[in-house]
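Peer 1: What follows is model31.txt; its format and atoms are compact mmCIF, C-alpha atoms and all ligand atoms.
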```txt
# COMPACT_ATOMS: atom_id res chain seq x y z
CA MET A 67 -41.42 -34.29 90.56
CA LYS A 68 -38.80 -31.84 91.88
CA LYS A 69 -38.11 -28.82 89.69
CA LEU A 70 -34.46 -27.81 89.62
CA THR A 71 -32.32 -24.92 88.48
CA ILE A 72 -28.57 -25.53 88.36
CA LEU A 73 -26.21 -22.57 88.52
CA GLY A 74 -22.93 -23.79 87.01
CA SER A 75 -24.36 -26.77 85.13
CA THR A 76 -21.26 -27.16 82.93
CA GLY A 77 -18.85 -27.66 85.84
CA SER A 78 -17.88 -30.69 87.87
CA ILE A 79 -20.78 -30.43 90.38
CA GLY A 80 -23.19 -29.23 87.68
CA THR A 81 -22.57 -32.18 85.36
CA GLN A 82 -22.72 -34.65 88.25
CA THR A 83 -26.04 -33.14 89.34
CA LEU A 84 -27.33 -33.75 85.82
CA ASN A 85 -26.04 -37.35 86.09
CA VAL A 86 -28.16 -37.76 89.21
CA VAL A 87 -31.16 -36.32 87.35
CA GLU A 88 -30.59 -38.60 84.35
CA ALA A 89 -30.40 -41.65 86.59
CA ASN A 90 -33.88 -40.87 87.93
CA PRO A 91 -35.67 -38.92 85.19
CA ASP A 92 -39.14 -39.31 86.68
CA ALA A 93 -38.07 -37.58 89.88
CA TYR A 94 -36.77 -34.31 88.42
CA GLU A 95 -37.54 -31.61 85.91
CA ILE A 96 -34.83 -29.13 84.88
CA VAL A 97 -36.15 -25.58 84.81
CA GLY A 98 -32.98 -23.51 84.43
CA LEU A 99 -29.29 -24.03 83.67
CA SER A 100 -26.37 -21.64 83.74
CA ALA A 101 -22.86 -21.79 82.32
CA GLY A 102 -19.92 -19.44 82.28
CA GLY A 103 -18.32 -19.80 78.85
CA ASN A 104 -18.86 -23.42 77.80
CA VAL A 105 -21.57 -22.72 75.20
CA GLU A 106 -21.15 -26.07 73.47
CA LEU A 107 -21.81 -28.14 76.57
CA LEU A 108 -24.68 -25.90 77.64
CA ILE A 109 -26.36 -26.37 74.26
CA GLU A 110 -25.97 -30.13 74.56
CA GLN A 111 -27.53 -29.96 78.05
CA VAL A 112 -30.41 -27.85 76.72
CA ARG A 113 -31.16 -30.47 74.08
CA ARG A 114 -31.12 -33.24 76.67
CA PHE A 115 -32.96 -31.58 79.56
CA ARG A 116 -35.14 -28.92 77.87
CA PRO A 117 -34.93 -26.14 80.51
CA ARG A 118 -37.15 -23.08 80.08
CA VAL A 119 -34.32 -20.61 80.62
CA VAL A 120 -30.53 -20.70 80.41
CA CYS A 121 -27.85 -18.17 81.31
CA LEU A 122 -24.35 -17.48 80.00
CA ALA A 123 -21.67 -15.19 81.39
CA SER A 124 -21.85 -12.55 78.62
CA LYS A 125 -24.07 -11.21 75.81
CA PRO A 126 -21.86 -12.48 72.93
CA LEU A 127 -21.98 -15.99 74.44
CA ALA A 128 -25.74 -15.73 74.90
CA ASP A 129 -26.16 -14.55 71.27
CA GLU A 130 -24.15 -17.54 70.09
CA ALA A 131 -26.25 -19.92 72.20
CA LYS A 132 -29.51 -18.44 70.83
CA LEU A 133 -28.57 -19.68 67.38
CA HIS A 134 -28.58 -23.29 68.59
CA VAL A 135 -31.08 -23.75 71.41
CA PRO A 136 -34.58 -25.03 70.61
CA PHE A 137 -37.26 -22.40 69.94
CA GLY A 138 -38.89 -21.36 73.21
CA THR A 139 -35.78 -21.64 75.41
CA LYS A 140 -35.07 -18.22 76.87
CA VAL A 141 -31.40 -17.21 76.93
CA VAL A 142 -30.23 -14.58 79.42
CA TYR A 143 -26.76 -13.47 80.45
CA GLY A 144 -24.52 -11.88 83.06
CA GLU A 145 -25.23 -11.19 86.72
CA GLU A 146 -28.79 -10.03 85.96
CA GLY A 147 -29.47 -13.18 83.97
CA LEU A 148 -28.14 -15.33 86.79
CA ILE A 149 -30.43 -13.60 89.26
CA GLU A 150 -33.35 -14.09 86.85
CA ILE A 151 -32.83 -17.83 86.52
CA ALA A 152 -32.11 -18.22 90.25
CA SER A 153 -35.51 -16.73 91.04
CA GLU A 154 -37.45 -18.36 88.15
CA ALA A 155 -40.95 -19.00 89.44
CA GLU A 156 -41.15 -22.70 88.56
CA ALA A 157 -38.11 -24.06 90.40
CA ASP A 158 -38.36 -25.63 93.88
CA THR A 159 -34.62 -26.02 94.43
CA VAL A 160 -31.60 -24.15 93.13
CA VAL A 161 -28.27 -26.00 93.08
CA THR A 162 -25.49 -23.44 93.48
CA ALA A 163 -22.50 -24.92 91.67
CA ILE A 164 -20.82 -21.80 90.34
CA MET A 165 -17.21 -21.41 91.32
CA GLY A 166 -16.38 -18.49 93.63
CA SER A 167 -18.06 -15.65 95.48
CA ARG A 168 -19.64 -14.39 92.25
CA GLY A 169 -22.45 -16.85 93.10
CA LEU A 170 -23.56 -14.72 96.07
CA ASN A 171 -26.20 -12.44 94.53
CA ALA A 172 -27.86 -15.29 92.65
CA THR A 173 -27.94 -17.41 95.82
CA LEU A 174 -29.58 -14.56 97.72
CA ALA A 175 -32.07 -14.04 94.88
CA ALA A 176 -33.00 -17.74 95.00
CA ILE A 177 -33.52 -17.54 98.77
CA ASP A 178 -35.62 -14.39 98.43
CA ALA A 179 -37.74 -16.21 95.83
CA GLY A 180 -38.35 -19.01 98.36
CA LYS A 181 -36.21 -21.71 96.73
CA ASP A 182 -34.45 -24.39 98.74
CA ILE A 183 -30.71 -24.28 98.08
CA GLY A 184 -28.50 -27.27 97.30
CA LEU A 185 -25.30 -25.53 98.28
CA ALA A 186 -22.00 -26.52 96.69
CA ASN A 187 -20.73 -22.96 96.25
CA LYS A 188 -18.98 -22.70 99.64
CA GLU A 189 -17.41 -19.30 98.84
CA THR A 190 -20.84 -17.64 99.19
CA LEU A 191 -21.12 -18.82 102.79
CA VAL A 192 -17.52 -17.87 103.53
CA THR A 193 -18.01 -14.33 102.33
CA ALA A 194 -21.61 -13.78 103.51
CA GLY A 195 -22.64 -16.61 105.83
CA HIS A 196 -24.27 -14.18 108.25
CA ILE A 197 -26.52 -12.81 105.48
CA VAL A 198 -27.27 -16.10 103.68
CA MET A 199 -28.21 -18.05 106.82
CA LYS A 200 -30.33 -15.25 108.31
CA ARG A 201 -32.24 -14.71 105.05
CA ALA A 202 -32.80 -18.43 104.56
CA SER A 203 -34.19 -18.79 108.05
CA ARG A 204 -36.42 -15.72 107.62
CA LYS A 205 -37.75 -17.09 104.33
CA GLY A 206 -38.10 -20.63 105.74
CA VAL A 207 -35.97 -22.15 102.98
CA ALA A 208 -33.54 -25.01 103.53
CA ILE A 209 -29.81 -24.73 102.87
CA LEU A 210 -28.90 -28.31 102.04
CA PRO A 211 -25.14 -28.91 101.95
CA ILE A 212 -23.62 -30.63 98.93
CA ASP A 213 -19.96 -30.27 99.96
CA SER A 214 -19.06 -33.85 100.97
CA GLU A 215 -17.86 -33.04 104.50
CA HIS A 216 -20.86 -30.86 105.27
CA SER A 217 -23.28 -33.38 103.83
CA ALA A 218 -21.60 -35.91 106.13
CA ILE A 219 -22.01 -33.68 109.20
CA PHE A 220 -25.60 -32.90 108.19
CA GLN A 221 -26.34 -36.64 107.98
CA CYS A 222 -24.56 -37.36 111.29
CA MET A 223 -26.60 -34.66 113.05
CA ASN A 224 -29.92 -35.85 111.67
CA GLY A 225 -32.42 -35.94 114.55
CA GLU A 226 -29.80 -34.88 117.15
CA LYS A 227 -30.03 -31.77 119.34
CA ARG A 228 -27.43 -29.14 118.45
CA SER A 229 -26.70 -28.73 122.19
CA ALA A 230 -25.57 -32.38 122.29
CA VAL A 231 -22.73 -31.73 119.82
CA LYS A 232 -19.29 -31.44 121.42
CA ARG A 233 -17.30 -30.95 118.23
CA ILE A 234 -17.13 -31.91 114.59
CA THR A 235 -14.13 -33.08 112.59
CA LEU A 236 -13.78 -32.33 108.90
CA THR A 237 -11.56 -34.81 107.13
CA ALA A 238 -9.04 -33.71 104.48
CA SER A 239 -7.38 -35.89 101.89
CA GLY A 240 -4.19 -33.80 102.09
CA GLY A 241 -4.44 -32.90 98.39
CA SER A 242 -2.02 -33.50 95.57
CA PHE A 243 1.16 -32.73 97.55
CA ARG A 244 0.32 -34.51 100.78
CA ASP A 245 3.47 -36.65 100.67
CA ARG A 246 5.84 -33.74 99.97
CA THR A 247 7.68 -31.53 102.43
CA ARG A 248 7.35 -27.76 102.12
CA ALA A 249 10.82 -27.62 100.56
CA GLN A 250 9.58 -29.99 97.85
CA LEU A 251 6.79 -27.55 96.95
CA GLU A 252 9.21 -25.11 95.30
CA GLY A 253 8.69 -25.22 91.54
CA VAL A 254 5.75 -27.66 91.46
CA THR A 255 3.76 -27.40 88.23
CA VAL A 256 0.09 -26.64 87.62
CA ASP A 257 -0.43 -30.14 86.22
CA GLU A 258 1.04 -31.72 89.34
CA ALA A 259 -1.14 -29.55 91.56
CA LEU A 260 -4.25 -30.51 89.57
CA ASN A 261 -3.65 -34.22 90.16
CA HIS A 262 -5.93 -34.78 93.17
CA PRO A 263 -5.50 -38.24 94.72
CA ASN A 264 -9.20 -39.00 95.34
CA TRP A 265 -11.60 -36.58 93.67
CA ALA A 266 -12.07 -35.30 90.09
CA MET A 267 -13.11 -31.68 90.60
CA GLY A 268 -12.87 -28.25 89.01
CA ALA A 269 -9.42 -26.65 88.80
CA LYS A 270 -9.87 -24.01 91.51
CA ILE A 271 -11.06 -26.35 94.26
CA THR A 272 -8.36 -28.87 93.33
CA ILE A 273 -5.67 -26.25 93.93
CA ASP A 274 -7.46 -25.25 97.16
CA SER A 275 -7.21 -28.88 98.29
CA ALA A 276 -3.47 -28.85 97.70
CA THR A 277 -2.94 -25.61 99.67
CA MET A 278 -5.52 -26.69 102.30
CA ALA A 279 -7.37 -23.41 101.63
CA ASN A 280 -10.29 -25.69 100.74
CA LYS A 281 -10.38 -27.05 104.29
CA GLY A 282 -10.10 -23.49 105.58
CA LEU A 283 -13.11 -22.43 103.49
CA GLU A 284 -14.92 -25.53 104.73
CA VAL A 285 -14.24 -24.67 108.38
CA ILE A 286 -15.91 -21.28 107.85
CA GLU A 287 -18.70 -22.94 105.83
CA ALA A 288 -19.31 -25.37 108.74
CA HIS A 289 -19.36 -22.50 111.25
CA TRP A 290 -22.30 -20.95 109.38
CA LEU A 291 -24.15 -24.10 108.36
CA PHE A 292 -24.11 -25.73 111.80
CA ASP A 293 -23.86 -22.68 114.05
CA LEU A 294 -20.68 -23.92 115.77
CA ASP A 295 -17.80 -22.00 117.36
CA TYR A 296 -14.43 -22.36 115.67
CA ASP A 297 -13.17 -24.23 118.77
CA GLN A 298 -15.76 -26.90 117.98
CA ILE A 299 -14.51 -27.43 114.42
CA ASP A 300 -11.50 -29.70 114.02
CA VAL A 301 -9.69 -30.98 110.93
CA LEU A 302 -7.85 -34.24 110.38
CA ILE A 303 -5.95 -35.64 107.41
CA HIS A 304 -7.51 -38.87 106.18
CA PRO A 305 -5.80 -39.87 102.93
CA GLU A 306 -8.45 -42.34 101.71
CA SER A 307 -11.43 -39.90 101.82
CA ILE A 308 -13.73 -42.70 103.00
CA ILE A 309 -14.82 -41.10 106.27
CA HIS A 310 -16.29 -37.88 104.93
CA SER A 311 -16.46 -36.24 108.38
CA TYR A 312 -17.77 -37.01 111.85
CA VAL A 313 -19.52 -35.57 114.89
CA GLU A 314 -18.52 -36.12 118.49
CA TYR A 315 -21.34 -35.81 121.03
CA VAL A 316 -21.27 -34.78 124.70
CA ASP A 317 -21.51 -38.46 125.77
CA ASN A 318 -18.33 -39.19 123.71
CA SER A 319 -20.29 -41.09 121.08
CA VAL A 320 -18.94 -40.42 117.61
CA ILE A 321 -21.13 -40.64 114.51
CA ALA A 322 -19.33 -40.66 111.17
CA GLN A 323 -20.56 -40.84 107.58
CA LEU A 324 -18.64 -43.13 105.25
CA GLY A 325 -18.77 -43.92 101.57
CA MET A 326 -16.68 -44.11 98.44
CA PRO A 327 -15.53 -40.65 97.29
CA ASP A 328 -18.27 -39.84 94.76
CA MET A 329 -20.03 -36.48 94.79
CA ARG A 330 -23.20 -37.95 93.29
CA VAL A 331 -24.07 -39.28 96.76
CA PRO A 332 -24.11 -35.93 98.64
CA ILE A 333 -25.64 -34.21 95.60
CA GLN A 334 -28.50 -36.70 95.53
CA TYR A 335 -28.97 -36.55 99.29
CA ALA A 336 -29.43 -32.77 99.06
CA LEU A 337 -32.07 -33.32 96.37
CA THR A 338 -33.97 -36.15 98.08
CA TYR A 339 -33.62 -35.06 101.74
CA PRO A 340 -35.14 -36.24 104.05
CA GLU A 341 -35.59 -39.34 101.88
CA ARG A 342 -32.85 -41.57 100.46
CA GLN A 343 -32.88 -43.13 97.02
CA PRO A 344 -30.64 -45.82 95.46
CA THR A 345 -27.71 -44.53 93.36
CA GLN A 346 -25.56 -46.02 90.62
CA THR A 347 -22.40 -45.30 92.63
CA GLU A 348 -19.92 -47.87 93.91
CA ALA A 349 -20.78 -49.36 97.30
CA LEU A 350 -18.22 -49.15 100.10
CA ASP A 351 -16.44 -52.44 100.83
CA LEU A 352 -14.22 -51.97 103.89
CA ARG A 353 -12.71 -55.46 103.44
CA ARG A 354 -11.33 -54.31 100.11
CA ILE A 355 -10.21 -50.90 101.47
CA GLY A 356 -8.35 -52.76 104.23
CA LYS A 357 -7.16 -49.87 106.37
CA LEU A 358 -8.03 -46.26 107.01
CA GLN A 359 -5.25 -43.85 107.94
CA PHE A 360 -5.24 -40.58 109.84
CA ARG A 361 -2.61 -37.86 110.28
CA GLU A 362 -2.56 -34.90 112.62
CA MET A 363 -3.10 -31.64 110.74
CA ASP A 364 0.15 -29.65 110.54
CA PHE A 365 -0.74 -25.95 110.52
CA ALA A 366 2.86 -24.92 109.78
CA ARG A 367 2.80 -27.14 106.67
CA TYR A 368 -0.52 -25.63 105.58
CA PRO A 369 -0.51 -21.87 106.39
CA CYS A 370 -3.68 -21.27 104.34
CA LEU A 371 -5.63 -23.33 106.87
CA ARG A 372 -4.15 -21.36 109.78
CA LEU A 373 -5.06 -18.09 108.02
CA ALA A 374 -8.61 -19.31 107.37
CA TYR A 375 -9.14 -20.13 111.05
CA GLU A 376 -7.77 -16.69 111.99
CA CYS A 377 -10.10 -15.00 109.50
CA GLY A 378 -13.07 -17.09 110.62
CA ARG A 379 -12.41 -16.13 114.24
CA ALA A 380 -11.89 -12.47 113.34
CA GLY A 381 -15.16 -12.58 111.36
CA LEU A 382 -16.57 -9.34 109.90
CA SER A 383 -14.76 -8.56 106.64
CA ALA A 384 -11.80 -10.92 107.17
CA PRO A 385 -13.27 -14.07 105.51
CA THR A 386 -14.23 -12.01 102.43
CA VAL A 387 -10.63 -10.85 102.10
CA PHE A 388 -9.26 -14.37 102.61
CA ASN A 389 -11.59 -15.75 99.95
CA ALA A 390 -11.10 -13.02 97.35
CA ALA A 391 -7.31 -13.05 97.76
CA ASN A 392 -7.31 -16.83 97.44
CA GLU A 393 -9.52 -16.82 94.32
CA THR A 394 -7.24 -14.28 92.67
CA ALA A 395 -4.03 -16.03 93.67
CA VAL A 396 -5.29 -19.42 92.47
CA ALA A 397 -6.34 -17.94 89.12
CA ARG A 398 -2.87 -16.42 88.76
CA PHE A 399 -1.20 -19.74 89.64
CA LEU A 400 -3.39 -21.58 87.10
CA ALA A 401 -2.41 -18.97 84.50
CA GLY A 402 1.27 -19.57 85.21
CA ALA A 403 1.83 -16.06 86.61
CA ILE A 404 2.87 -17.04 90.16
CA SER A 405 4.26 -20.13 91.86
CA PHE A 406 2.33 -22.56 94.04
CA LEU A 407 3.89 -21.22 97.25
CA ASP A 408 3.07 -17.67 96.15
CA ILE A 409 -0.61 -18.46 96.70
CA GLU A 410 -0.23 -18.46 100.49
CA ARG A 411 2.15 -15.45 100.34
CA VAL A 412 -0.40 -13.42 98.37
CA ILE A 413 -3.21 -14.25 100.81
CA GLU A 414 -1.07 -13.42 103.83
CA GLN A 415 0.09 -10.10 102.37
CA VAL A 416 -3.41 -9.00 101.38
CA LEU A 417 -4.64 -9.83 104.87
CA GLU A 418 -1.77 -7.80 106.38
CA ARG A 419 -2.88 -4.78 104.32
CA HIS A 420 -6.50 -5.12 105.45
CA THR A 421 -8.05 -3.57 108.56
CA VAL A 422 -10.98 -5.72 109.61
CA ALA A 423 -14.14 -3.63 109.26
CA ALA A 424 -17.70 -3.81 110.62
CA VAL A 425 -20.09 -6.64 109.69
CA PRO A 426 -20.46 -6.07 105.97
CA ASP A 427 -23.75 -5.88 104.09
CA VAL A 428 -23.91 -7.18 100.50
CA ALA A 429 -22.68 -3.88 99.00
CA ALA A 430 -19.77 -3.64 101.47
CA ILE A 431 -18.86 -7.27 100.78
CA GLY A 432 -18.67 -6.39 97.08
CA GLU A 433 -16.36 -3.48 97.84
CA VAL A 434 -14.07 -5.44 100.18
CA ASP A 435 -14.00 -8.34 97.71
CA ALA A 436 -13.04 -6.02 94.83
CA TRP A 437 -10.34 -4.32 96.93
CA ALA A 438 -8.81 -7.66 97.95
CA ARG A 439 -8.74 -8.85 94.32
CA ILE A 440 -6.92 -5.68 93.21
CA GLU A 441 -4.40 -6.05 96.03
CA ALA A 442 -3.89 -9.76 95.30
CA ALA A 443 -3.34 -9.04 91.62
CA SER A 444 -0.75 -6.36 92.45
CA ILE A 445 1.55 -8.59 94.52
N1 LIG A 501 -16.15 -30.35 92.25
C1 LIG A 501 -16.42 -30.85 93.43
O1 LIG A 501 -16.34 -32.08 93.63
C2 LIG A 501 -16.81 -29.97 94.57
C3 LIG A 501 -17.06 -28.62 94.37
N2 LIG A 501 -17.50 -27.85 95.40
C4 LIG A 501 -17.78 -26.43 95.17
O2 LIG A 501 -18.71 -26.31 94.09
C5 LIG A 501 -18.46 -25.12 93.35
C6 LIG A 501 -18.21 -25.51 91.89
O3 LIG A 501 -17.05 -26.30 91.84
P1 LIG A 501 -16.69 -27.15 90.53
O4 LIG A 501 -17.93 -27.74 89.97
O5 LIG A 501 -15.57 -28.01 90.92
O6 LIG A 501 -16.15 -26.00 89.59
P2 LIG A 501 -15.97 -26.02 87.99
O7 LIG A 501 -14.87 -25.09 87.70
O8 LIG A 501 -15.89 -27.39 87.50
O9 LIG A 501 -17.35 -25.39 87.48
C7 LIG A 501 -17.65 -24.06 87.75
C8 LIG A 501 -18.96 -23.67 87.09
O10 LIG A 501 -19.12 -22.25 87.23
C9 LIG A 501 -19.30 -21.67 85.94
N3 LIG A 501 -18.70 -20.36 85.88
C10 LIG A 501 -17.40 -20.05 85.89
N4 LIG A 501 -17.22 -18.73 85.74
C11 LIG A 501 -18.46 -18.19 85.63
C12 LIG A 501 -18.95 -16.86 85.46
N5 LIG A 501 -18.14 -15.82 85.35
N6 LIG A 501 -20.27 -16.68 85.40
C13 LIG A 501 -21.12 -17.72 85.48
N7 LIG A 501 -20.71 -18.99 85.64
C14 LIG A 501 -19.40 -19.22 85.73
C15 LIG A 501 -18.58 -22.63 85.00
O11 LIG A 501 -19.02 -22.42 83.67
P3 LIG A 501 -18.14 -22.77 82.36
O12 LIG A 501 -17.41 -24.03 82.65
O13 LIG A 501 -19.21 -22.89 81.31
O14 LIG A 501 -17.23 -21.61 82.14
C16 LIG A 501 -19.00 -23.95 85.58
O15 LIG A 501 -20.30 -24.28 85.20
C17 LIG A 501 -17.25 -24.45 94.01
O16 LIG A 501 -17.70 -23.50 94.91
C18 LIG A 501 -16.58 -25.61 94.76
O17 LIG A 501 -15.84 -25.17 95.88
C19 LIG A 501 -17.70 -28.36 96.66
C20 LIG A 501 -17.43 -29.67 96.91
C21 LIG A 501 -16.97 -30.58 95.90
C1 LIG A 502 -15.35 -33.54 97.38
C2 LIG A 502 -15.27 -32.41 98.29
O1 LIG A 502 -16.11 -32.18 99.11
C3 LIG A 502 -14.08 -31.55 98.21
O2 LIG A 502 -14.29 -30.32 98.86
C4 LIG A 502 -13.04 -32.35 98.89
O3 LIG A 502 -13.20 -32.16 100.25
C5 LIG A 502 -11.69 -32.00 98.43
O4 LIG A 502 -10.81 -32.83 99.02
P1 LIG A 502 -9.83 -32.40 100.19
O5 LIG A 502 -10.19 -33.26 101.33
O6 LIG A 502 -8.51 -32.69 99.58
O7 LIG A 502 -10.02 -30.93 100.48
MN MN A 503 -15.38 -30.71 100.54
```
Could you show the structure in this file as C-alpha cells?
Ligand SMILES: NC(=O)C1=CN([C@@H]2O[C@H](COP(=O)(O)OP(=O)(O)OC[C@H]3O[C@@H](n4cnc5c(N)ncnc54)[C@H](OP(=O)(O)O)[C@@H]3O)[C@@H](O)[C@H]2O)C=CC1
Ligand SMILES: CC(=O)[C@@H](O)[C@H](O)COP(=O)(O)O
Ligand SMILES: [Mn+2]
Peer 2:
Amino acid sequence: MKKLTILGSTGSIGTQTLNVVEANPDAYEIVGLSAGGNVELLIEQVRRFRPRVVCLASKPLADEAKLHVPFGTKVVYGEEGLIEIASEAEADTVVTAIMGSRGLNATLAAIDAGKDIGLANKETLVTAGHIVMKRASRKGVAILPIDSEHSAIFQCMNGEKRSAVKRITLTASGGSFRDRTRAQLEGVTVDEALNHPNWAMGAKITIDSATMANKGLEVIEAHWLFDLDYDQIDVLIHPESIIHSYVEYVDNSVIAQLGMPDMRVPIQYALTYPERQPTQTEALDLRRIGKLQFREMDFARYPCLRLAYECGRAGLSAPTVFNAANETAVARFLAGAISFLDIERVIEQVLERHTVAAVPDVAAIGEVDAWARIEAASI
C-alpha cells in the first residue's frame, strides 16, 4: 500500500488524485492533505480519507477546521504547516498540486525527507529547477511528472538512452482563444478565457493555456526534468490534445504518447510507476476521433511563449521573474483589474526592469520572486 500526502488536495489535480485513490482503495493510504482556503471540501476529504495531518493556509482557517475534523486528526497551517505535512514520516510519495511557486519550500522539504514527488506544480521547477533536481538526485528520490506533456515524454523515454534523444515536442491545445486573431483578443472576458476547449483545470493554468505562458512554463519544466537544451525542446499546436507529446530519436524514429485528455491517467502513472494499472477513464478510439490536426506555433501570436524561451535560455534569475510576474498578472486579470492582453505586457515590462543575476539559492529566489510580484502589481 502506497502512503500519500497531497499538497493542494482541494484543487483540480488534488481532487483527481483522490479520485484515483478512491478507484483503487486497497493500493493507497492518505497520510496528509493540504488546502488553501476551501475548509468545507477539506473537511469532507478528511472524513472520507482519514489522513493523520491536514494543513490550511492560515490559523483562522485551521481553527475553523479543528471544530469539524475527527478527533486525532492534526491540523496545521501556513508555510510551516505545509513543510510539516510534506515531510511527515509516514508518507512514501508527496503529490505537489499547489498552484504557483509558493509550493517550492514544501517540495524541497519533501525531497529532504526522502519522499518521491508526483510533480504537478510546474512553477517550482521553473523557479528552482537547478535546486530541486540536484537535491532529488542527491537524496535518491524520484521526481515523477504529472503534467500531461511531461508524463508523455517520460513514458516515451522509458528504457531509452538520453543520448539517443534528438528532440522532444510538447503539444499545445492553443487554449481558449486559439481561433481568434490578436486583434480579437482586445476586451475578452475572464469567463471566455476560462473556457478551455479540452481540459477542466484550475483558473490560473487555464489562463496560462490561453496566453501560452503554460507552454512556456512547460518548456522550462522539460529542460529540468529531462536535462535537455532549449534547442531540443519544440512546441506544436495540436487542437485535439490526443497526442500528449512526443520524442524524436537520433534514428528519426518518433515515439508519441496518446490518450483521451484526462489527467487521471498521468496522475495514476506517477503513482504506480513503473507499473501500470487499469483506470476508469475513457479509452481512446481513433476511428471516432477521425482526424488529428497540427498547426505551427506562432511566436508573434503568443509572446508569452517567446519570453519564456528567452528566460529559460538566460537561466539564472530570469525564469523566477517570468513566473512571478505571470502569477501576479494572471491574478490581476482574474480579479478584473487588468485586461487579457495586459498579462503579456506586465511580464515583458517586469523582465525589462530586471537585470539577470547569479544562480539564485532558495533565499535569493524568494527575494527575486517578491521583487517581481511588487513590480508586476505596480504596472
Ligand atoms: N489542473 C490540471 O489539469 C493541471 C495542473 N497542473 C499544475 O498543477 C498545479 C495545481 O493546478 P490546479 O489543480 O489546476 O490548481 P487549482 O487552482 O485547482 O488548485 C490549487 C490548489 O492549491 C491550493 N492553494 C491555493 N492557494 C494556496 C495557499 N496560499 N496555500 C496553500 N494552498 C493553496 C488550493 O487550495 P484551495 O482551493 O483550498 O484554496 C488548491 O488545493 C499547478 O501548478 C498547475 O500548473 C499541471 C498540469 C495539469
Ligand atoms: C493538462 C495539462 O497538462 C495542461 O498543462 C495542459 O497542457 C493545458 O493545455 P494546453 O495545451 O492548452 O496548455
Ligand atoms: Mn500540461
Peer 1: Pick out the closest residue to Ala131 (chain A) from this set: A:Met267, A:Ala89, A:Ala443, A:Ala101. Count all atoms listed in the file.
Peer 2: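 Among the listed residues, A:Ala101 lies closest to Ala131 (chain A).
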Peer 1: Out of A:Ile209, A:Leu99, A:Leu236, A:Val105, which residue has the shortest atom-to-atom distance to ligand MN 503 (chain A) when counting only C-alpha atoms and all ligand atoms?
Peer 2: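 Residue with the minimum atom-to-atom distance to ligand MN 503 (chain A): A:Leu236.
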Peer 1: Name the closest residue to Trp437 (chain A) among the candidates A:Ala391, A:Val396, A:Ala269, A:Ala194; distances are taken between atoms, counting only C-alpha atoms.
Peer 2: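 The closest residue to Trp437 (chain A) is A:Ala391.
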Peer 1: Rounded to one decimal, what separation in Å do you get between CA of His216 (chain A) and CA of Ser153 (chain A)?
Peer 2: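 CA of Ser153 (chain A) lies at a distance of 24.8 Å from CA of His216 (chain A).
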Peer 1: Could you list as a PDB file with C-alpha atoms, in the frame of the given file every residue that has an atom within 9 Å of (-15.1, -32.0, 107.2), using the file's coordinates and counting only C-alpha atoms?
Peer 2:
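Wrote it out as selection.pdb, contents follow:
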```pdb
ATOM      1  CA  ASP A 213     -19.960 -30.270  99.960  1.00  0.00           C
ATOM      2  CA  SER A 214     -19.060 -33.850 100.970  1.00  0.00           C
ATOM      3  CA  GLU A 215     -17.860 -33.040 104.500  1.00  0.00           C
ATOM      4  CA  HIS A 216     -20.860 -30.860 105.270  1.00  0.00           C
ATOM      5  CA  SER A 217     -23.280 -33.380 103.830  1.00  0.00           C
ATOM      6  CA  ALA A 218     -21.600 -35.910 106.130  1.00  0.00           C
ATOM      7  CA  ILE A 219     -22.010 -33.680 109.200  1.00  0.00           C
ATOM      8  CA  ILE A 234     -17.130 -31.910 114.590  1.00  0.00           C
ATOM      9  CA  THR A 235     -14.130 -33.080 112.590  1.00  0.00           C
ATOM     10  CA  LEU A 236     -13.780 -32.330 108.900  1.00  0.00           C
ATOM     11  CA  THR A 237     -11.560 -34.810 107.130  1.00  0.00           C
ATOM     12  CA  ALA A 238      -9.040 -33.710 104.480  1.00  0.00           C
ATOM     13  CA  LYS A 281     -10.380 -27.050 104.290  1.00  0.00           C
ATOM     14  CA  GLU A 284     -14.920 -25.530 104.730  1.00  0.00           C
ATOM     15  CA  VAL A 285     -14.240 -24.670 108.380  1.00  0.00           C
ATOM     16  CA  ALA A 288     -19.310 -25.370 108.740  1.00  0.00           C
ATOM     17  CA  ILE A 299     -14.510 -27.430 114.420  1.00  0.00           C
ATOM     18  CA  ASP A 300     -11.500 -29.700 114.020  1.00  0.00           C
ATOM     19  CA  VAL A 301      -9.690 -30.980 110.930  1.00  0.00           C
ATOM     20  CA  LEU A 302      -7.850 -34.240 110.380  1.00  0.00           C
ATOM     21  CA  HIS A 310     -16.290 -37.880 104.930  1.00  0.00           C
ATOM     22  CA  SER A 311     -16.460 -36.240 108.380  1.00  0.00           C
ATOM     23  CA  TYR A 312     -17.770 -37.010 111.850  1.00  0.00           C
TER      24      TYR A 312
END
```
Peer 1: Here is a test: counting all atoms listed in the file, which residue of A:Ile271, A:Ala349, A:Ala438, A:Leu291 is nearest to ligand MN 503 (chain A)?
Peer 2: A:Ile271
Peer 1: Find, counting all atoms listed in the file, the residue in A:Glu287, A:Asp295, A:Glu314, A:Asp92 that gets nearest to Thr193 (chain A).
Peer 2: A:Glu287
Peer 1: Hey, which of A:His420, A:His262, A:His289, A:Arg411 ends up closest to ligand LIG 502 (chain A)? Count all atoms listed in the file.
Peer 2: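 Smallest distance to ligand LIG 502 (chain A) is found for A:His262.
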Peer 1: Expressed in Å to a single decimal, how great is the separation between CA of Glu441 (chain A) and CA of Leu170 (chain A)?
Peer 2: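 Those two atoms sit 21.0 Å apart.
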Peer 1: If you measure from CA of Met363 (chain A) to CA of Ala336 (chain A), what distance in Å do you get, rounded to one decimal?
Peer 2: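 So the answer is 28.8 Å.
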Peer 1: In file coordinates, which residues lie within 6 Å of (-31.4, -22.4, 85.3) using all atoms listed in the file, given as a ChimeraX atom specification?
Peer 2: /A:71-72,97-100,119-120,151
Peer 1: Could you take the residues named above and write them with C-alpha atoms, as a PDB file, keeping the file's coordinate frame?
Peer 2:
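Everything below was put into result_23.pdb:
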```
ATOM      1  CA  THR A  71     -32.320 -24.920  88.480  1.00  0.00           C
ATOM      2  CA  ILE A  72     -28.570 -25.530  88.360  1.00  0.00           C
ATOM      3  CA  VAL A  97     -36.150 -25.580  84.810  1.00  0.00           C
ATOM      4  CA  GLY A  98     -32.980 -23.510  84.430  1.00  0.00           C
ATOM      5  CA  LEU A  99     -29.290 -24.030  83.670  1.00  0.00           C
ATOM      6  CA  SER A 100     -26.370 -21.640  83.740  1.00  0.00           C
ATOM      7  CA  VAL A 119     -34.320 -20.610  80.620  1.00  0.00           C
ATOM      8  CA  VAL A 120     -30.530 -20.700  80.410  1.00  0.00           C
ATOM      9  CA  ILE A 151     -32.830 -17.830  86.520  1.00  0.00           C
TER      10      ILE A 151
END
```
